[in-house]
>>> print(open('coords.txt').read())   # compact mmCIF, N, CA and C atoms
# COMPACT_ATOMS: atom_id res chain seq x y z
N MET A 1 130.60 106.70 48.74
CA MET A 1 131.64 105.80 49.24
C MET A 1 132.17 105.04 48.03
N ASP A 2 133.49 105.10 47.85
CA ASP A 2 134.08 104.40 46.72
C ASP A 2 134.55 103.00 47.12
N LEU A 3 135.00 102.25 46.14
CA LEU A 3 135.40 100.86 46.37
C LEU A 3 136.58 100.77 47.33
N ASP A 4 137.52 101.69 47.25
CA ASP A 4 138.67 101.68 48.18
C ASP A 4 138.20 101.89 49.62
N ALA A 5 137.24 102.76 49.83
CA ALA A 5 136.71 103.00 51.18
C ALA A 5 136.04 101.74 51.72
N ILE A 6 135.36 101.02 50.84
CA ILE A 6 134.70 99.77 51.27
C ILE A 6 135.76 98.74 51.68
N PHE A 7 136.85 98.63 50.89
CA PHE A 7 137.90 97.67 51.24
C PHE A 7 138.61 98.07 52.54
N ARG A 8 138.80 99.37 52.76
CA ARG A 8 139.39 99.82 54.03
C ARG A 8 138.46 99.46 55.20
N LEU A 9 137.17 99.61 54.97
CA LEU A 9 136.18 99.25 55.99
C LEU A 9 136.26 97.76 56.30
N ILE A 10 136.40 96.94 55.28
CA ILE A 10 136.53 95.49 55.48
C ILE A 10 137.78 95.17 56.29
N GLU A 11 138.90 95.81 55.96
CA GLU A 11 140.15 95.57 56.70
C GLU A 11 140.00 95.97 58.17
N ARG A 12 139.39 97.11 58.42
CA ARG A 12 139.20 97.57 59.80
C ARG A 12 138.27 96.61 60.54
N ALA A 13 137.24 96.12 59.87
CA ALA A 13 136.29 95.20 60.50
C ALA A 13 136.99 93.90 60.88
N GLU A 14 137.88 93.43 60.01
CA GLU A 14 138.61 92.19 60.31
C GLU A 14 139.50 92.33 61.53
N GLN A 15 139.97 93.52 61.83
CA GLN A 15 140.85 93.76 62.97
C GLN A 15 140.06 94.01 64.25
N SER A 16 138.76 94.16 64.14
CA SER A 16 137.94 94.45 65.32
C SER A 16 137.24 93.19 65.81
N ALA A 17 136.57 93.33 66.94
CA ALA A 17 135.84 92.20 67.53
C ALA A 17 134.39 92.15 67.05
N PHE A 18 133.98 93.10 66.24
CA PHE A 18 132.61 93.13 65.77
C PHE A 18 132.31 91.97 64.85
N THR A 19 131.09 91.47 64.92
CA THR A 19 130.66 90.40 64.02
C THR A 19 129.73 90.92 62.93
N ARG A 20 129.22 92.14 63.12
CA ARG A 20 128.33 92.74 62.13
C ARG A 20 128.50 94.26 62.17
N ILE A 21 128.67 94.83 60.97
CA ILE A 21 128.78 96.28 60.83
C ILE A 21 127.88 96.70 59.68
N GLU A 22 127.11 97.74 59.90
CA GLU A 22 126.27 98.31 58.86
C GLU A 22 126.65 99.77 58.69
N VAL A 23 126.86 100.18 57.43
CA VAL A 23 127.17 101.56 57.12
C VAL A 23 126.26 101.99 55.99
N GLN A 24 125.64 103.14 56.16
CA GLN A 24 124.77 103.65 55.11
C GLN A 24 125.19 105.07 54.80
N GLN A 25 125.37 105.33 53.49
CA GLN A 25 125.73 106.67 53.04
C GLN A 25 124.88 106.95 51.81
N GLY A 26 123.90 107.81 51.99
CA GLY A 26 122.97 108.08 50.90
C GLY A 26 122.15 106.83 50.60
N ASP A 27 122.12 106.46 49.33
CA ASP A 27 121.37 105.26 48.91
C ASP A 27 122.19 103.99 49.04
N LEU A 28 123.48 104.12 49.33
CA LEU A 28 124.35 102.95 49.43
C LEU A 28 124.38 102.43 50.86
N LYS A 29 124.12 101.15 51.01
CA LYS A 29 124.17 100.52 52.33
C LYS A 29 125.11 99.32 52.24
N VAL A 30 126.11 99.28 53.16
CA VAL A 30 127.07 98.19 53.19
C VAL A 30 126.89 97.46 54.52
N VAL A 31 126.73 96.12 54.43
CA VAL A 31 126.58 95.29 55.62
C VAL A 31 127.71 94.26 55.59
N LEU A 32 128.53 94.26 56.65
CA LEU A 32 129.61 93.29 56.77
C LEU A 32 129.31 92.37 57.93
N GLU A 33 129.33 91.07 57.68
CA GLU A 33 129.12 90.08 58.74
C GLU A 33 130.19 89.02 58.63
N ARG A 34 130.56 88.48 59.79
CA ARG A 34 131.49 87.36 59.78
C ARG A 34 131.07 86.34 60.81
N GLY A 35 131.54 85.11 60.62
CA GLY A 35 131.18 84.04 61.55
C GLY A 35 129.80 83.48 61.22
N ALA A 36 129.47 82.42 61.94
CA ALA A 36 128.17 81.79 61.74
C ALA A 36 127.10 82.70 62.31
N GLN A 37 126.05 82.85 61.56
CA GLN A 37 124.95 83.69 62.03
C GLN A 37 124.02 82.84 62.87
N GLU A 38 123.80 83.27 64.10
CA GLU A 38 122.90 82.56 65.00
C GLU A 38 121.53 83.18 64.92
N SER A 39 120.54 82.35 65.02
CA SER A 39 119.18 82.83 65.02
C SER A 39 118.82 83.26 66.44
N ILE A 40 118.47 84.52 66.59
CA ILE A 40 118.10 85.05 67.90
C ILE A 40 116.61 85.37 67.85
N PRO A 41 115.82 84.67 68.68
CA PRO A 41 114.39 84.95 68.65
C PRO A 41 114.10 86.37 69.13
N VAL A 42 113.25 87.03 68.40
CA VAL A 42 112.87 88.40 68.75
C VAL A 42 111.37 88.40 69.01
N THR A 43 111.00 88.99 70.14
CA THR A 43 109.59 89.09 70.49
C THR A 43 109.22 90.55 70.53
N ALA A 44 108.15 90.88 69.85
CA ALA A 44 107.67 92.26 69.87
C ALA A 44 106.59 92.39 70.93
N TYR A 45 106.67 93.44 71.72
CA TYR A 45 105.69 93.70 72.77
C TYR A 45 105.00 95.02 72.50
N THR A 46 103.73 95.06 72.80
CA THR A 46 103.01 96.32 72.73
C THR A 46 103.33 97.11 73.98
N PRO A 47 103.12 98.42 73.96
CA PRO A 47 103.36 99.22 75.19
C PRO A 47 102.52 98.71 76.37
N GLN A 48 101.31 98.23 76.10
CA GLN A 48 100.46 97.72 77.17
C GLN A 48 101.06 96.45 77.77
N GLN A 49 101.64 95.59 76.94
CA GLN A 49 102.27 94.37 77.45
C GLN A 49 103.49 94.72 78.29
N LEU A 50 104.28 95.69 77.85
CA LEU A 50 105.46 96.11 78.61
C LEU A 50 105.05 96.70 79.95
N LEU A 51 103.98 97.50 79.96
CA LEU A 51 103.49 98.10 81.19
C LEU A 51 102.98 97.02 82.14
N ALA A 52 102.24 96.04 81.61
CA ALA A 52 101.73 94.94 82.44
C ALA A 52 102.88 94.13 83.01
N GLN A 53 103.91 93.89 82.20
CA GLN A 53 105.07 93.14 82.66
C GLN A 53 105.79 93.90 83.78
N ALA A 54 105.94 95.21 83.62
CA ALA A 54 106.59 96.02 84.65
C ALA A 54 105.78 96.03 85.93
N GLU A 55 104.45 96.11 85.81
CA GLU A 55 103.60 96.10 86.99
C GLU A 55 103.69 94.75 87.70
N THR A 56 103.75 93.66 86.94
CA THR A 56 103.88 92.32 87.53
C THR A 56 105.20 92.21 88.28
N GLN A 57 106.29 92.71 87.70
CA GLN A 57 107.59 92.66 88.37
C GLN A 57 107.58 93.49 89.64
N GLN A 58 106.94 94.65 89.60
CA GLN A 58 106.85 95.49 90.80
C GLN A 58 106.04 94.78 91.88
N GLN A 59 104.95 94.12 91.48
CA GLN A 59 104.11 93.39 92.44
C GLN A 59 104.91 92.25 93.07
N GLU A 60 105.65 91.51 92.24
CA GLU A 60 106.47 90.41 92.76
C GLU A 60 107.52 90.94 93.74
N GLU A 61 108.11 92.08 93.43
CA GLU A 61 109.12 92.65 94.31
C GLU A 61 108.50 93.08 95.64
N ARG A 62 107.29 93.65 95.59
CA ARG A 62 106.61 94.05 96.82
C ARG A 62 106.27 92.84 97.68
N ASN A 63 106.09 91.68 97.05
CA ASN A 63 105.70 90.48 97.77
C ASN A 63 106.88 89.56 98.06
N ALA A 64 108.09 90.07 97.93
CA ALA A 64 109.28 89.28 98.22
C ALA A 64 109.95 89.81 99.49
N VAL A 65 110.36 88.89 100.34
CA VAL A 65 111.17 89.27 101.51
C VAL A 65 112.59 88.84 101.17
N ARG A 66 113.47 89.81 101.12
CA ARG A 66 114.87 89.55 100.77
C ARG A 66 115.75 89.56 102.02
N ALA A 67 116.84 88.84 101.94
CA ALA A 67 117.80 88.80 103.05
C ALA A 67 118.52 90.14 103.13
N PRO A 68 118.50 90.78 104.29
CA PRO A 68 119.21 92.05 104.42
C PRO A 68 120.71 91.85 104.63
N ILE A 69 121.11 90.64 105.01
CA ILE A 69 122.52 90.34 105.27
C ILE A 69 122.82 88.92 104.79
N SER A 70 124.08 88.60 104.66
CA SER A 70 124.51 87.24 104.34
C SER A 70 124.66 86.45 105.63
N GLY A 71 124.45 85.16 105.54
CA GLY A 71 124.61 84.32 106.72
C GLY A 71 123.96 82.97 106.53
N VAL A 72 123.56 82.35 107.64
CA VAL A 72 122.90 81.04 107.60
C VAL A 72 121.43 81.24 107.96
N PHE A 73 120.55 80.68 107.14
CA PHE A 73 119.10 80.85 107.26
C PHE A 73 118.52 79.76 108.15
N TYR A 74 117.75 80.16 109.15
CA TYR A 74 117.08 79.18 110.03
C TYR A 74 115.59 79.51 110.10
N LEU A 75 114.76 78.48 109.99
CA LEU A 75 113.31 78.63 110.07
C LEU A 75 112.78 78.50 111.50
N ALA A 76 113.63 78.04 112.42
CA ALA A 76 113.19 77.84 113.80
C ALA A 76 114.21 78.46 114.75
N LYS A 77 113.76 78.68 115.98
CA LYS A 77 114.62 79.32 116.97
C LYS A 77 115.81 78.43 117.34
N GLU A 78 115.57 77.10 117.34
CA GLU A 78 116.64 76.15 117.67
C GLU A 78 116.33 74.83 116.97
N PRO A 79 117.33 73.95 116.84
CA PRO A 79 117.09 72.67 116.18
C PRO A 79 115.97 71.89 116.87
N GLY A 80 115.07 71.35 116.08
CA GLY A 80 113.96 70.56 116.61
C GLY A 80 112.74 71.37 117.00
N ALA A 81 112.86 72.68 117.06
CA ALA A 81 111.72 73.54 117.42
C ALA A 81 110.80 73.71 116.21
N GLU A 82 109.57 74.10 116.48
CA GLU A 82 108.62 74.39 115.42
C GLU A 82 109.13 75.57 114.59
N PRO A 83 108.95 75.51 113.27
CA PRO A 83 109.36 76.66 112.46
C PRO A 83 108.50 77.88 112.77
N PHE A 84 109.08 79.05 112.58
CA PHE A 84 108.33 80.29 112.80
C PHE A 84 107.12 80.34 111.87
N VAL A 85 107.32 79.97 110.59
CA VAL A 85 106.25 80.00 109.60
C VAL A 85 106.39 78.82 108.65
N GLN A 86 105.31 78.54 107.97
CA GLN A 86 105.28 77.53 106.90
C GLN A 86 104.52 78.15 105.75
N ALA A 87 104.61 77.55 104.57
CA ALA A 87 103.80 78.02 103.45
C ALA A 87 102.34 77.95 103.87
N GLY A 88 101.62 79.03 103.68
CA GLY A 88 100.22 79.11 104.06
C GLY A 88 99.99 79.75 105.42
N SER A 89 101.05 79.98 106.19
CA SER A 89 100.91 80.61 107.50
C SER A 89 100.43 82.05 107.33
N LYS A 90 99.50 82.44 108.20
CA LYS A 90 99.07 83.84 108.25
C LYS A 90 99.93 84.54 109.29
N VAL A 91 100.51 85.67 108.90
CA VAL A 91 101.37 86.42 109.82
C VAL A 91 100.94 87.88 109.87
N HIS A 92 101.33 88.53 110.94
CA HIS A 92 101.06 89.94 111.12
C HIS A 92 102.36 90.71 111.00
N LYS A 93 102.25 91.97 110.65
CA LYS A 93 103.42 92.83 110.53
C LYS A 93 104.22 92.74 111.82
N GLY A 94 105.52 92.46 111.68
CA GLY A 94 106.41 92.38 112.83
C GLY A 94 106.63 90.98 113.36
N ASP A 95 105.83 89.99 112.91
CA ASP A 95 106.05 88.61 113.34
C ASP A 95 107.39 88.11 112.79
N THR A 96 108.07 87.27 113.56
CA THR A 96 109.34 86.70 113.10
C THR A 96 109.08 85.66 112.03
N LEU A 97 109.81 85.78 110.91
CA LEU A 97 109.69 84.82 109.82
C LEU A 97 110.83 83.80 109.87
N CYS A 98 112.01 84.26 110.23
CA CYS A 98 113.19 83.38 110.26
C CYS A 98 114.29 84.08 111.04
N ILE A 99 115.41 83.39 111.15
CA ILE A 99 116.61 83.95 111.76
C ILE A 99 117.75 83.79 110.75
N ILE A 100 118.56 84.82 110.65
CA ILE A 100 119.78 84.72 109.87
C ILE A 100 120.94 84.89 110.85
N GLU A 101 121.78 83.84 110.90
CA GLU A 101 122.97 83.91 111.76
C GLU A 101 124.11 84.49 110.95
N ALA A 102 124.65 85.59 111.45
CA ALA A 102 125.78 86.24 110.79
C ALA A 102 126.77 86.65 111.87
N MET A 103 127.98 86.19 111.74
CA MET A 103 129.06 86.51 112.69
C MET A 103 128.64 86.20 114.13
N LYS A 104 128.08 85.02 114.32
CA LYS A 104 127.66 84.50 115.63
C LYS A 104 126.51 85.30 116.25
N THR A 105 125.86 86.14 115.46
CA THR A 105 124.72 86.92 115.94
C THR A 105 123.46 86.42 115.25
N MET A 106 122.40 86.20 116.03
CA MET A 106 121.13 85.75 115.48
C MET A 106 120.26 86.98 115.17
N ASN A 107 119.94 87.16 113.91
CA ASN A 107 119.17 88.32 113.45
C ASN A 107 117.78 87.86 113.02
N GLU A 108 116.76 88.35 113.71
CA GLU A 108 115.39 87.98 113.36
C GLU A 108 114.93 88.80 112.16
N ILE A 109 114.32 88.13 111.20
CA ILE A 109 113.74 88.79 110.04
C ILE A 109 112.23 88.78 110.25
N ARG A 110 111.64 89.95 110.19
CA ARG A 110 110.23 90.10 110.55
C ARG A 110 109.36 90.38 109.32
N ALA A 111 108.09 90.05 109.44
CA ALA A 111 107.12 90.29 108.36
C ALA A 111 106.95 91.79 108.16
N PRO A 112 107.01 92.24 106.90
CA PRO A 112 106.88 93.67 106.64
C PRO A 112 105.43 94.16 106.66
N LYS A 113 104.47 93.20 106.63
CA LYS A 113 103.05 93.57 106.60
C LYS A 113 102.22 92.36 107.00
N ASP A 114 100.94 92.58 107.25
CA ASP A 114 100.02 91.46 107.46
C ASP A 114 99.90 90.72 106.13
N CYS A 115 100.07 89.41 106.15
CA CYS A 115 100.06 88.67 104.90
C CYS A 115 99.99 87.16 105.16
N VAL A 116 100.03 86.41 104.08
CA VAL A 116 100.11 84.96 104.12
C VAL A 116 101.44 84.57 103.47
N ILE A 117 102.12 83.60 104.03
CA ILE A 117 103.37 83.12 103.44
C ILE A 117 103.01 82.27 102.22
N ALA A 118 103.26 82.81 101.03
CA ALA A 118 102.93 82.10 99.79
C ALA A 118 104.00 81.06 99.45
N GLY A 119 105.23 81.31 99.88
CA GLY A 119 106.29 80.35 99.58
C GLY A 119 107.55 80.66 100.36
N ILE A 120 108.27 79.60 100.70
CA ILE A 120 109.57 79.71 101.35
C ILE A 120 110.58 79.22 100.33
N LEU A 121 111.51 80.08 99.94
CA LEU A 121 112.41 79.77 98.83
C LEU A 121 113.79 79.29 99.25
N VAL A 122 114.01 79.17 100.57
CA VAL A 122 115.32 78.78 101.07
C VAL A 122 115.15 77.61 102.04
N SER A 123 116.07 76.68 101.99
CA SER A 123 116.03 75.53 102.90
C SER A 123 116.63 75.90 104.25
N ASP A 124 116.10 75.30 105.29
CA ASP A 124 116.61 75.52 106.64
C ASP A 124 118.09 75.14 106.69
N GLY A 125 118.91 76.02 107.24
CA GLY A 125 120.34 75.75 107.37
C GLY A 125 121.15 76.16 106.15
N ALA A 126 120.50 76.73 105.14
CA ALA A 126 121.21 77.12 103.91
C ALA A 126 122.00 78.40 104.13
N THR A 127 123.13 78.50 103.44
CA THR A 127 123.91 79.73 103.44
C THR A 127 123.31 80.65 102.38
N ILE A 128 123.04 81.90 102.78
CA ILE A 128 122.41 82.84 101.87
C ILE A 128 123.26 84.09 101.74
N SER A 129 122.97 84.86 100.71
CA SER A 129 123.65 86.13 100.48
C SER A 129 122.66 87.27 100.63
N ALA A 130 123.17 88.43 101.00
CA ALA A 130 122.32 89.61 101.08
C ALA A 130 121.63 89.81 99.74
N GLY A 131 120.32 90.05 99.78
CA GLY A 131 119.55 90.26 98.56
C GLY A 131 118.81 89.03 98.07
N ASP A 132 119.17 87.84 98.58
CA ASP A 132 118.45 86.62 98.17
C ASP A 132 116.99 86.71 98.61
N VAL A 133 116.09 86.22 97.76
CA VAL A 133 114.68 86.20 98.13
C VAL A 133 114.46 85.00 99.05
N LEU A 134 113.92 85.27 100.24
CA LEU A 134 113.68 84.23 101.24
C LEU A 134 112.24 83.73 101.21
N PHE A 135 111.30 84.67 101.12
CA PHE A 135 109.88 84.35 101.18
C PHE A 135 109.13 85.11 100.09
N LEU A 136 108.03 84.51 99.63
CA LEU A 136 107.07 85.21 98.81
C LEU A 136 105.82 85.36 99.66
N LEU A 137 105.25 86.55 99.65
CA LEU A 137 104.11 86.85 100.47
C LEU A 137 102.85 86.96 99.62
N GLY A 138 101.74 86.50 100.20
CA GLY A 138 100.46 86.65 99.55
C GLY A 138 99.63 87.67 100.32
N GLU A 139 98.50 88.02 99.78
CA GLU A 139 97.63 88.99 100.43
C GLU A 139 96.82 88.35 101.54
N GLY A 140 96.36 89.16 102.45
CA GLY A 140 95.48 88.69 103.49
C GLY A 140 96.18 88.48 104.81
N SER A 141 95.36 88.18 105.80
CA SER A 141 95.88 87.92 107.13
C SER A 141 94.91 87.06 107.89
>>> encode(input="coords.txt", output="structure tokens")
Amino acid sequence: MDLDAIFRLIERAEQSAFTRIEVQQGDLKVVLERGAQESIPVTAYTPQQLLAQAETQQQEERNAVRAPISGVFYLAKEPGAEPFVQAGSKVHKGDTLCIIEAMKTMNEIRAPKDCVIAGILVSDGATISAGDVLFLLGEGS
């Protein structure tokens, strides 16, 4: 790479949105950077750590009850009634956990397995979107 090629590279880089360009040809390496360089923390993970992290995420997903539809979240059948569940409640597969009102229809959300309610992540009467995590489940019954 000759000096003219390097200057052409600089001109092209100035016209682009890139903030860093590296070009290597043989033993010659050209690095072009512009703007303030920000420090980005980099963490190295071993394959075992990545596998453990993936397994943890899969476990959390298995223990999450997500909203199948958007609507209004209710913990009880009607205002003033006892909630279907509370944190620490033991439930069986098929028990009602909450109701989601969507388009004037009350949709019961049921427990996917025998478990303990580890946490309720939504407030009664809150508007939710499909996919929102409503409950975290623990093991046992």
>>> closest_residue(input="coords.txt", among="A:Leu50, A:Leu75, A:Ala102, A:Val31", to="A:Ser129", atoms="only C-alpha atoms")
A:Ala102
>>> axis_aligned_box(input="coords.txt", around="stretch 117-125 of chain A", padding_each_side="3 Å", output="AutoDock Vina command-line options")
--center_x 111.6 --center_y 79.4 --center_z 103.1 --size_x 25.0 --size_y 14.5 --size_z 14.5
>>> closest_residue(input="coords.txt", among="A:Phe18, A:Tyr45, A:Phe7, A:Phe73", to="A:Ser123", atoms="all atoms listed in the file")
A:Phe73
>>> select_by_dssp(input="coords.txt", residues="chain A", states="strand (DSSP E)", output="JSON, numbers by chain")
{"A": [20, 21, 22, 23, 24, 25, 28, 29, 30, 31, 32, 33, 64, 65, 66, 71, 72, 73, 74, 90, 91, 96, 97, 98, 99, 100, 101, 102, 105, 106, 107, 108, 109, 110, 115, 116, 117, 118, 119, 120, 127, 128, 133, 134, 135, 136, 137, 138]}
>>> atom_distance(input="coords.txt", atom1="atom N of A:Leu32", atom2="atom N of A:Ala17")
13.1 Å
>>> residues_around(input="coords.txt", residues="A:Ser70", least_positions_apart="5", cutoff="7 Å", atoms="all atoms listed in the file", output="list of chain:residue names")
A:Ile100, A:Glu101, A:Ala102, A:Met103, A:Thr127, A:Ile128, A:Ser129, A:Ala130, A:Gly131
>>> closest_residue(input="coords.txt", among="A:Ala76, A:Val91, A:Ile10, A:Ala67", to="A:Ile117", atoms="all atoms listed in the file")
A:Val91
>>> closest_residue(input="coords.txt", among="A:Thr46, A:Thr19, A:Pro79, A:Pro68", to="A:Arg34", atoms="all atoms listed in the file")
A:Thr19
>>> select_by_dssp(input="coords.txt", residues="stretch 49-101 of chain A", states="helix (DSSP H, G or I)", output="VMD selection string")
chain A and resid 49 to 62
>>> atom_distance(input="coords.txt", atom1="atom CA of A:Ile120", atom2="atom CA of A:Leu137")
9.0 Å
>>> closest_residue(input="coords.txt", among="A:Gln59, A:Ala64, A:Ser89, A:Glu22", to="A:Asp132", atoms="only N, CA and C atoms")
A:Ala64
>>> atom_distance(input="coords.txt", atom1="atom C of A:Ile69", atom2="atom N of A:Lys113")
18.9 Å
>>> residues_around(input="coords.txt", residues="A:Ala126", least_positions_apart="5", cutoff="9 Å", atoms="only C-alpha atoms", output="ChimeraX atom specification")
/A:71-74
>>> closest_residue(input="coords.txt", among="A:Glu61, A:Ala54, A:Gly119, A:Lys104", to="A:Gln86", atoms="only C-alpha atoms")
A:Gly119
